[in-house]
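So the structure is just underneath, and the comments pick up after that.
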Number of protein chains: 2
Amino acid sequence: MKSDTVFKRAFNDALDLITKMEDGEPIPSENSLGKRLGVSRTTIRKVLSILAEHGMIAGSGRRRIYHESRANPERFPEDETVSTSAQVEKRFMEWMLHDNPPRGTVINELELARHFGVATTGIREFLNRFQHFGLIEKRQHGGWVLNGFTTDFALELFEIREMFELRSAGAFAEIPKNSAIWQEIESLRKEHLQLLDDIDHRYHDFSDLDSRFHRLINSVKPNRFIEGFQDVIALIFHYHYQWNKKDERQRNEVAIREHLTYIDALFSRNASLIDLACRAHLASAKETLIRATSGQEKVNVAEHGGARRPREH
Amino acid sequence: MKSDTVFKRAFNDALDLITKMEDGEPIPSENSLGKRLGVSRTTIRKVLSILAEHGMIAGSGRRRIYHESRANPERFPEDETVSTSAQVEKRFMEWMLHDNPPRGTVINELELARHFGVATTGIREFLNRFQHFGLIEKRQHGGWVLNGFTTDFALELFEIREMFELRSAGAFAEIPKNSAIWQEIESLRKEHLQLLDDIDHRYHDFSDLDSRFHRLINSVKPNRFIEGFQDVIALIFHYHYQWNKKDERQRNEVAIREHLTYIDALFSRNASLIDLACRAHLASAKETLIRATSGQEKVNVAEHGGARRPREH
DNA sequence: CCACGGTTTATTATAGATAAAAAAATTCAC
DNA sequence: GTGAATTTTTTTATCTATAATAAACCGTGG
């Protein structure tokens, strides 16, 4: 059965919205609410009907008004507002990056499902999507093995990341000054400065900004495979930032400054300056990630190759 | 319910194996048969018991012998020996490359499932795995859209392919002469020559050789993301070769000769020679693929970017 | 007429169940 | 006591079912 997480999140959001209104103020139309909260009208109607049951909405049809009441219904807990698949991703990544299970660990679908409190279908679906992130691998007769969040992983990830980003950043040298992209860069630059200004309180906002910045750079010459790879990067870093609290403020501040240098280099439209700034930033990001890995040694090539799943055809 | 395709293929294979035996010859042990056919003993036992029912095997336990009989049991049809997921892949790729549905076509799971004669789960699982091949994309509220097998696709594919392969091929200049890899290359070279020798009859064997050749090149400096990308390449070409029969013999002959030049360049361990041969071959492969695409124009960047699924976090 | 609420239909996300296949444990015969 | 066969247990592949959600359709009051 599909979970009603969409409804629950919408309900919470609607509650926040509605309690800001004046007593007696008319409720916006179902369509506009739907658009505002990013859900369908079906869901909005469900939310409204519950709200009405609680006596927070009076009237019906076109004549609905907010009715301030002491009966303040409870918000749904945050956990229940995220979809099963998102839950699985979160729990899995936490296990992976936090508990750091050794490479070679085999993954048991049923066990994981029970552990995460979801059906096996959810696990399977996740594993399939997650496959190309390089942290797990299919075995010949079904089943999955962990590759582990190792130094190898970080090195291979960054080899590709550097290739892709140097290619994209390099393209900036050729972009005419009147291109719209420069404004986007400039506005990101401002965001960086704002964040830096309040770094002591907002340092955890960097993860998202980082992802948007690198995506923007790689979007100048769109390539779906590079964009797909950005998803890998974003996922790894998203969870890595969440977990690795050590020196977080400090690390993020350094990274912001590197970004600013990088942005200046882009504006200069000088190919070698760009190249330098790009390499410098990526090298430092690599360092940070590698320090967080389990540092297991590289397996020899033969075993590595042999473990690969033979394609079927 | 899991399908018994493994059993059926094993049965067919066992039939082939057993009918080559002499009357009265003892049957190999269950373990060795299992190893030989690549299935578990459980499956072998099932096969043997059916074979015994047909009177092709006499005796039991350690004393099983082949008993030639006129009761020649029928092989299972080939269709029933491929797993559901493999079936889905095949049918989907055929639809994609052959019927060439226009980009933007939305994919209906239930409809596809009925059309392919499988449960929706099979379709979902395929779509999830297939996502990163760049031919389909997730929409915001669930559902999938086709990106289409377009010229754009081919161009983006080859941009990455070239990046990766130049990186790997370049590494050959540094490999010491006594490395084991040179023997592997040499043996592939011989296979190329053999194929060329009998090109009129065996030209369709090139697809597999091609894939093995490029995988070998990219295996010198192992990187899981590059290996993953080889899967994309292999899949596209596998089906492309199957479908595009036009000038097939001719095209493959040309490609083989390019490979031979490429191999000679590798043996030379001269970086610029290698670079040249690699580029030449990839350019010609790109040409071939592009001619097969539907040639739809590139969509503008804004729309392209906008269609991307926003990550949740 | 047209934007909005009411109603119906289509589609997906996810649970749950089960046979097939693999793996492990046990027994047997020489 | 060893290699093979038998039995049991574990795990996956795959189907079916259904609530949640989105989307389409429809009538009506201003």
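Ligands are numbered from 1 in the order shown, residues from 1 within each chain, and chains are lettered A, B, ... in the order they appear in the structure tokens.
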
_At most 10 Å to chain A: residues in chain B, only C-alpha atoms, as a PyMOL selection string_ = chain B and resi 38-40+82+86+89-90+121+124-135+141+152-153+155-157+159-160+163-164+167+208+219-229+231+234-235+238-239+301+304-305+308+311-313

*Dump as a VMD selection string the residues of chain B that approach chain C to within 10 Å, counting only C-alpha atoms (C1' of nucleotides).*
chain B and resid 1 to 7 39 to 43 62 108 to 110 141 to 143

Dump of N, CA and C atoms for the selected residues, as an mmCIF file, in the first residue's frame:
data_model
loop_
_atom_site.group_PDB
_atom_site.id
_atom_site.type_symbol
_atom_site.label_atom_id
_atom_site.label_comp_id
_atom_site.auth_asym_id
_atom_site.auth_seq_id
_atom_site.Cartn_x
_atom_site.Cartn_y
_atom_site.Cartn_z
ATOM 1 N N MET B 1 5.904 -15.015 -8.243
ATOM 2 C CA MET B 1 6.633 -16.287 -8.215
ATOM 3 C C MET B 1 7.843 -16.229 -9.145
ATOM 4 N N LYS B 2 8.945 -16.694 -8.645
ATOM 5 C CA LYS B 2 10.163 -16.715 -9.446
ATOM 6 C C LYS B 2 9.980 -17.643 -10.648
ATOM 7 N N SER B 3 10.477 -17.246 -11.792
ATOM 8 C CA SER B 3 10.314 -18.098 -12.981
ATOM 9 C C SER B 3 11.402 -19.169 -12.998
ATOM 10 N N ASP B 4 11.131 -20.271 -13.659
ATOM 11 C CA ASP B 4 12.114 -21.356 -13.647
ATOM 12 C C ASP B 4 12.970 -21.374 -14.905
ATOM 13 N N THR B 5 13.357 -20.164 -15.330
ATOM 14 C CA THR B 5 14.163 -20.072 -16.538
ATOM 15 C C THR B 5 15.533 -20.700 -16.351
ATOM 16 N N VAL B 6 16.028 -20.625 -15.134
ATOM 17 C CA VAL B 6 17.348 -21.205 -14.869
ATOM 18 C C VAL B 6 17.281 -22.715 -15.089
ATOM 19 N N PHE B 7 16.235 -23.297 -14.549
ATOM 20 C CA PHE B 7 16.055 -24.738 -14.729
ATOM 21 C C PHE B 7 15.934 -25.100 -16.208
ATOM 22 N N VAL B 39 25.015 -23.718 -12.588
ATOM 23 C CA VAL B 39 23.831 -23.627 -11.732
ATOM 24 C C VAL B 39 24.067 -24.414 -10.453
ATOM 25 N N SER B 40 23.161 -24.262 -9.517
ATOM 26 C CA SER B 40 23.329 -24.939 -8.233
ATOM 27 C C SER B 40 22.948 -26.408 -8.351
ATOM 28 N N ARG B 41 23.333 -27.182 -7.357
ATOM 29 C CA ARG B 41 23.018 -28.607 -7.373
ATOM 30 C C ARG B 41 21.519 -28.832 -7.325
ATOM 31 N N THR B 42 20.822 -27.968 -6.604
ATOM 32 C CA THR B 42 19.368 -28.083 -6.527
ATOM 33 C C THR B 42 18.778 -28.177 -7.938
ATOM 34 N N THR B 43 19.233 -27.308 -8.783
ATOM 35 C CA THR B 43 18.717 -27.263 -10.140
ATOM 36 C C THR B 43 19.122 -28.518 -10.916
ATOM 37 N N ARG B 62 24.882 -42.864 -6.859
ATOM 38 C CA ARG B 62 26.205 -42.806 -7.466
ATOM 39 C C ARG B 62 26.299 -43.597 -8.765
ATOM 40 N N ASN B 108 4.096 4.206 -19.584
ATOM 41 C CA ASN B 108 3.069 3.741 -18.674
ATOM 42 C C ASN B 108 3.425 2.334 -18.212
ATOM 43 N N GLU B 109 3.683 2.195 -16.930
ATOM 44 C CA GLU B 109 4.160 0.920 -16.426
ATOM 45 C C GLU B 109 3.204 -0.229 -16.717
ATOM 46 N N LEU B 110 1.934 0.012 -16.422
ATOM 47 C CA LEU B 110 0.959 -1.057 -16.574
ATOM 48 C C LEU B 110 0.835 -1.486 -18.033
ATOM 49 N N HIS B 141 6.541 13.881 -10.340
ATOM 50 C CA HIS B 141 5.599 13.118 -9.519
ATOM 51 C C HIS B 141 5.515 11.667 -9.965
ATOM 52 N N GLY B 142 6.646 11.006 -10.062
ATOM 53 C CA GLY B 142 6.625 9.616 -10.505
ATOM 54 C C GLY B 142 6.380 9.557 -12.001
ATOM 55 N N GLY B 143 6.554 8.381 -12.571
ATOM 56 C CA GLY B 143 6.381 8.253 -14.008
ATOM 57 C C GLY B 143 7.690 8.514 -14.735
#

*One decimal, Å: what's the distance from CA of Gly59 (chain A) over to CA of Arg9 (chain A), could you say?*
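Between CA of Gly59 (chain A) and CA of Arg9 (chain A) the gap works out to 24.1 Å.
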
*Quick one: DSSP strand (DSSP E or B) residues in region 30-277 of chain A, as a list in words?*
Ile57, Ala58, Ile65, Tyr66, Val106, Ile107, Ile136, Glu137, Lys138, Trp144, Val145 and Leu146 of chain A

May I have the residues from that selection written out with N, CA and C atoms, as a PDB file, in the first residue's frame?
ATOM      1  N   ILE A  57     -11.498  25.276   9.976  1.00  0.00           N
ATOM      2  CA  ILE A  57     -12.037  25.886   8.769  1.00  0.00           C
ATOM      3  C   ILE A  57     -13.551  25.868   8.874  1.00  0.00           C
ATOM      4  N   ALA A  58     -14.149  26.985   8.624  1.00  0.00           N
ATOM      5  CA  ALA A  58     -15.602  27.055   8.659  1.00  0.00           C
ATOM      6  C   ALA A  58     -16.117  27.313   7.250  1.00  0.00           C
ATOM      7  N   ILE A  65     -13.582  29.825   5.296  1.00  0.00           N
ATOM      8  CA  ILE A  65     -12.782  30.826   6.006  1.00  0.00           C
ATOM      9  C   ILE A  65     -12.021  30.176   7.153  1.00  0.00           C
ATOM     10  N   TYR A  66     -10.928  30.828   7.510  1.00  0.00           N
ATOM     11  CA  TYR A  66     -10.116  30.325   8.609  1.00  0.00           C
ATOM     12  C   TYR A  66     -10.807  30.659   9.916  1.00  0.00           C
ATOM     13  N   VAL A 106      27.936  -8.996   2.496  1.00  0.00           N
ATOM     14  CA  VAL A 106      26.832  -9.236   1.569  1.00  0.00           C
ATOM     15  C   VAL A 106      25.546  -8.671   2.145  1.00  0.00           C
ATOM     16  N   ILE A 107      24.736  -8.200   1.255  1.00  0.00           N
ATOM     17  CA  ILE A 107      23.515  -7.521   1.672  1.00  0.00           C
ATOM     18  C   ILE A 107      22.346  -8.486   1.570  1.00  0.00           C
ATOM     19  N   ILE A 136      28.040  -0.420  -4.171  1.00  0.00           N
ATOM     20  CA  ILE A 136      27.619  -1.813  -4.090  1.00  0.00           C
ATOM     21  C   ILE A 136      27.746  -2.458  -5.474  1.00  0.00           C
ATOM     22  N   GLU A 137      27.717  -3.783  -5.483  1.00  0.00           N
ATOM     23  CA  GLU A 137      27.836  -4.485  -6.754  1.00  0.00           C
ATOM     24  C   GLU A 137      26.962  -5.728  -6.764  1.00  0.00           C
ATOM     25  N   LYS A 138      26.444  -6.084  -7.940  1.00  0.00           N
ATOM     26  CA  LYS A 138      25.624  -7.280  -8.047  1.00  0.00           C
ATOM     27  C   LYS A 138      26.525  -8.496  -8.110  1.00  0.00           C
ATOM     28  N   TRP A 144      23.702  -8.947  -3.456  1.00  0.00           N
ATOM     29  CA  TRP A 144      24.544  -7.760  -3.570  1.00  0.00           C
ATOM     30  C   TRP A 144      25.692  -7.834  -2.569  1.00  0.00           C
ATOM     31  N   VAL A 145      26.823  -7.267  -2.964  1.00  0.00           N
ATOM     32  CA  VAL A 145      27.946  -7.121  -2.040  1.00  0.00           C
ATOM     33  C   VAL A 145      28.284  -5.659  -1.899  1.00  0.00           C
ATOM     34  N   LEU A 146      28.744  -5.324  -0.731  1.00  0.00           N
ATOM     35  CA  LEU A 146      29.195  -3.980  -0.491  1.00  0.00           C
ATOM     36  C   LEU A 146      30.595  -3.794  -1.044  1.00  0.00           C
TER      37      LEU A 146
END

Can you list every residue of chain D that has an atom at most 12 Å from chain A, with its nearest atom pair and the distance in Å to one decimal, using only C-alpha atoms (C1' of nucleotides), ordered by chain then number, as a Markdown table?
| residue | atom | partner | partner_atom | distance |
| --- | --- | --- | --- | --- |
| D:DT10 | C1' | A:Asn108 | CA | 10.0 |
| D:DT11 | C1' | A:Asn108 | CA | 7.6 |
| D:DT12 | C1' | A:Gly142 | CA | 6.9 |
| D:DA13 | C1' | A:Gly142 | CA | 9.0 |
| D:DT14 | C1' | A:Thr121 | CA | 10.5 |
| D:DA17 | C1' | A:Met1 | CA | 8.7 |
| D:DT18 | C1' | A:Met1 | CA | 5.8 |
| D:DA19 | C1' | A:Met1 | CA | 5.2 |
| D:DA20 | C1' | A:Lys2 | CA | 5.5 |
| D:DT21 | C1' | A:Thr42 | CA | 7.1 |
| D:DA22 | C1' | A:Ser40 | CA | 6.0 |
| D:DA23 | C1' | A:Ser40 | CA | 8.7 |
| D:DT28 | C1' | A:Arg62 | CA | 11.6 |
| D:DG29 | C1' | A:Arg62 | CA | 9.8 |
| D:DG30 | C1' | A:Arg62 | CA | 11.0 |

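Across the structure, CA of Glu68 (chain B) and CA of Ser32 (chain B) are spaced 21.3 Å apart.
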
*Going by DSSP on the backbone, which bits of region 194-233 of chain B are alpha helix (DSSP H)? Write them as a ChimeraX atom specification, please.*
/B:194-197,199-202,206-218,224-233

Expected file contents, prior selection, N, CA and C atoms, as a compact mmCIF listing (two decimals), in the first residue's frame:
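After the write, part-v7.txt holds the following:
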# COMPACT_ATOMS: atom_id res chain seq x y z
N GLN B 194 41.49 -13.67 -36.95
CA GLN B 194 40.66 -14.83 -37.28
C GLN B 194 39.30 -14.40 -37.80
N LEU B 195 38.73 -13.42 -37.11
CA LEU B 195 37.41 -12.94 -37.51
C LEU B 195 37.47 -12.34 -38.91
N LEU B 196 38.53 -11.58 -39.14
CA LEU B 196 38.69 -10.93 -40.44
C LEU B 196 38.78 -11.99 -41.55
N ASP B 197 39.43 -13.09 -41.19
CA ASP B 197 39.64 -14.17 -42.15
C ASP B 197 38.34 -14.78 -42.64
N ILE B 199 35.30 -13.20 -42.31
CA ILE B 199 34.37 -12.10 -42.07
C ILE B 199 33.00 -12.31 -42.73
N ASP B 200 33.00 -12.96 -43.90
CA ASP B 200 31.73 -13.13 -44.61
C ASP B 200 30.71 -13.93 -43.80
N HIS B 201 31.18 -14.87 -43.03
CA HIS B 201 30.23 -15.68 -42.26
C HIS B 201 30.06 -15.23 -40.82
N ARG B 202 31.12 -14.66 -40.27
CA ARG B 202 31.09 -14.42 -38.82
C ARG B 202 31.00 -12.94 -38.45
N PHE B 206 31.32 -9.67 -34.25
CA PHE B 206 32.16 -8.52 -33.92
C PHE B 206 31.69 -7.78 -32.67
N SER B 207 30.38 -7.68 -32.52
CA SER B 207 29.82 -6.95 -31.39
C SER B 207 30.46 -7.34 -30.06
N ASP B 208 30.54 -8.64 -29.85
CA ASP B 208 31.10 -9.13 -28.60
C ASP B 208 32.60 -8.83 -28.49
N LEU B 209 33.31 -9.05 -29.59
CA LEU B 209 34.75 -8.80 -29.60
C LEU B 209 35.03 -7.33 -29.33
N ASP B 210 34.23 -6.48 -29.95
CA ASP B 210 34.36 -5.04 -29.78
C ASP B 210 34.27 -4.68 -28.30
N SER B 211 33.24 -5.20 -27.69
CA SER B 211 33.03 -4.89 -26.28
C SER B 211 34.21 -5.36 -25.42
N ARG B 212 34.67 -6.57 -25.67
CA ARG B 212 35.78 -7.09 -24.88
C ARG B 212 37.04 -6.27 -25.08
N PHE B 213 37.26 -5.84 -26.32
CA PHE B 213 38.45 -5.04 -26.64
C PHE B 213 38.46 -3.72 -25.86
N HIS B 214 37.35 -3.03 -25.92
CA HIS B 214 37.32 -1.73 -25.24
C HIS B 214 37.34 -1.87 -23.73
N ARG B 215 36.73 -2.95 -23.24
CA ARG B 215 36.79 -3.17 -21.79
C ARG B 215 38.23 -3.45 -21.36
N LEU B 216 38.94 -4.19 -22.16
CA LEU B 216 40.33 -4.51 -21.81
C LEU B 216 41.15 -3.23 -21.73
N ILE B 217 40.98 -2.37 -22.73
CA ILE B 217 41.74 -1.12 -22.73
C ILE B 217 41.46 -0.31 -21.47
N ASN B 218 40.17 -0.25 -21.11
CA ASN B 218 39.82 0.56 -19.95
C ASN B 218 40.13 -0.11 -18.61
N ARG B 224 35.79 2.17 -11.24
CA ARG B 224 34.44 1.59 -11.29
C ARG B 224 33.46 2.41 -12.12
N PHE B 225 33.67 3.74 -12.15
CA PHE B 225 32.72 4.56 -12.89
C PHE B 225 32.93 4.39 -14.39
N ILE B 226 34.18 4.22 -14.78
CA ILE B 226 34.46 3.97 -16.19
C ILE B 226 33.93 2.60 -16.58
N GLU B 227 34.15 1.63 -15.71
CA GLU B 227 33.62 0.30 -16.00
C GLU B 227 32.10 0.33 -16.12
N GLY B 228 31.47 1.08 -15.24
CA GLY B 228 30.02 1.21 -15.32
C GLY B 228 29.59 1.82 -16.65
N PHE B 229 30.36 2.78 -17.10
CA PHE B 229 30.04 3.41 -18.37
C PHE B 229 30.22 2.44 -19.53
N GLN B 230 31.16 1.53 -19.40
CA GLN B 230 31.33 0.51 -20.44
C GLN B 230 30.06 -0.33 -20.59
N ASP B 231 29.34 -0.51 -19.48
CA ASP B 231 28.08 -1.24 -19.56
C ASP B 231 27.09 -0.51 -20.46
N VAL B 232 27.07 0.81 -20.32
CA VAL B 232 26.18 1.60 -21.17
C VAL B 232 26.54 1.39 -22.63
N ILE B 233 27.82 1.60 -22.92
CA ILE B 233 28.32 1.42 -24.28
C ILE B 233 27.95 0.03 -24.80
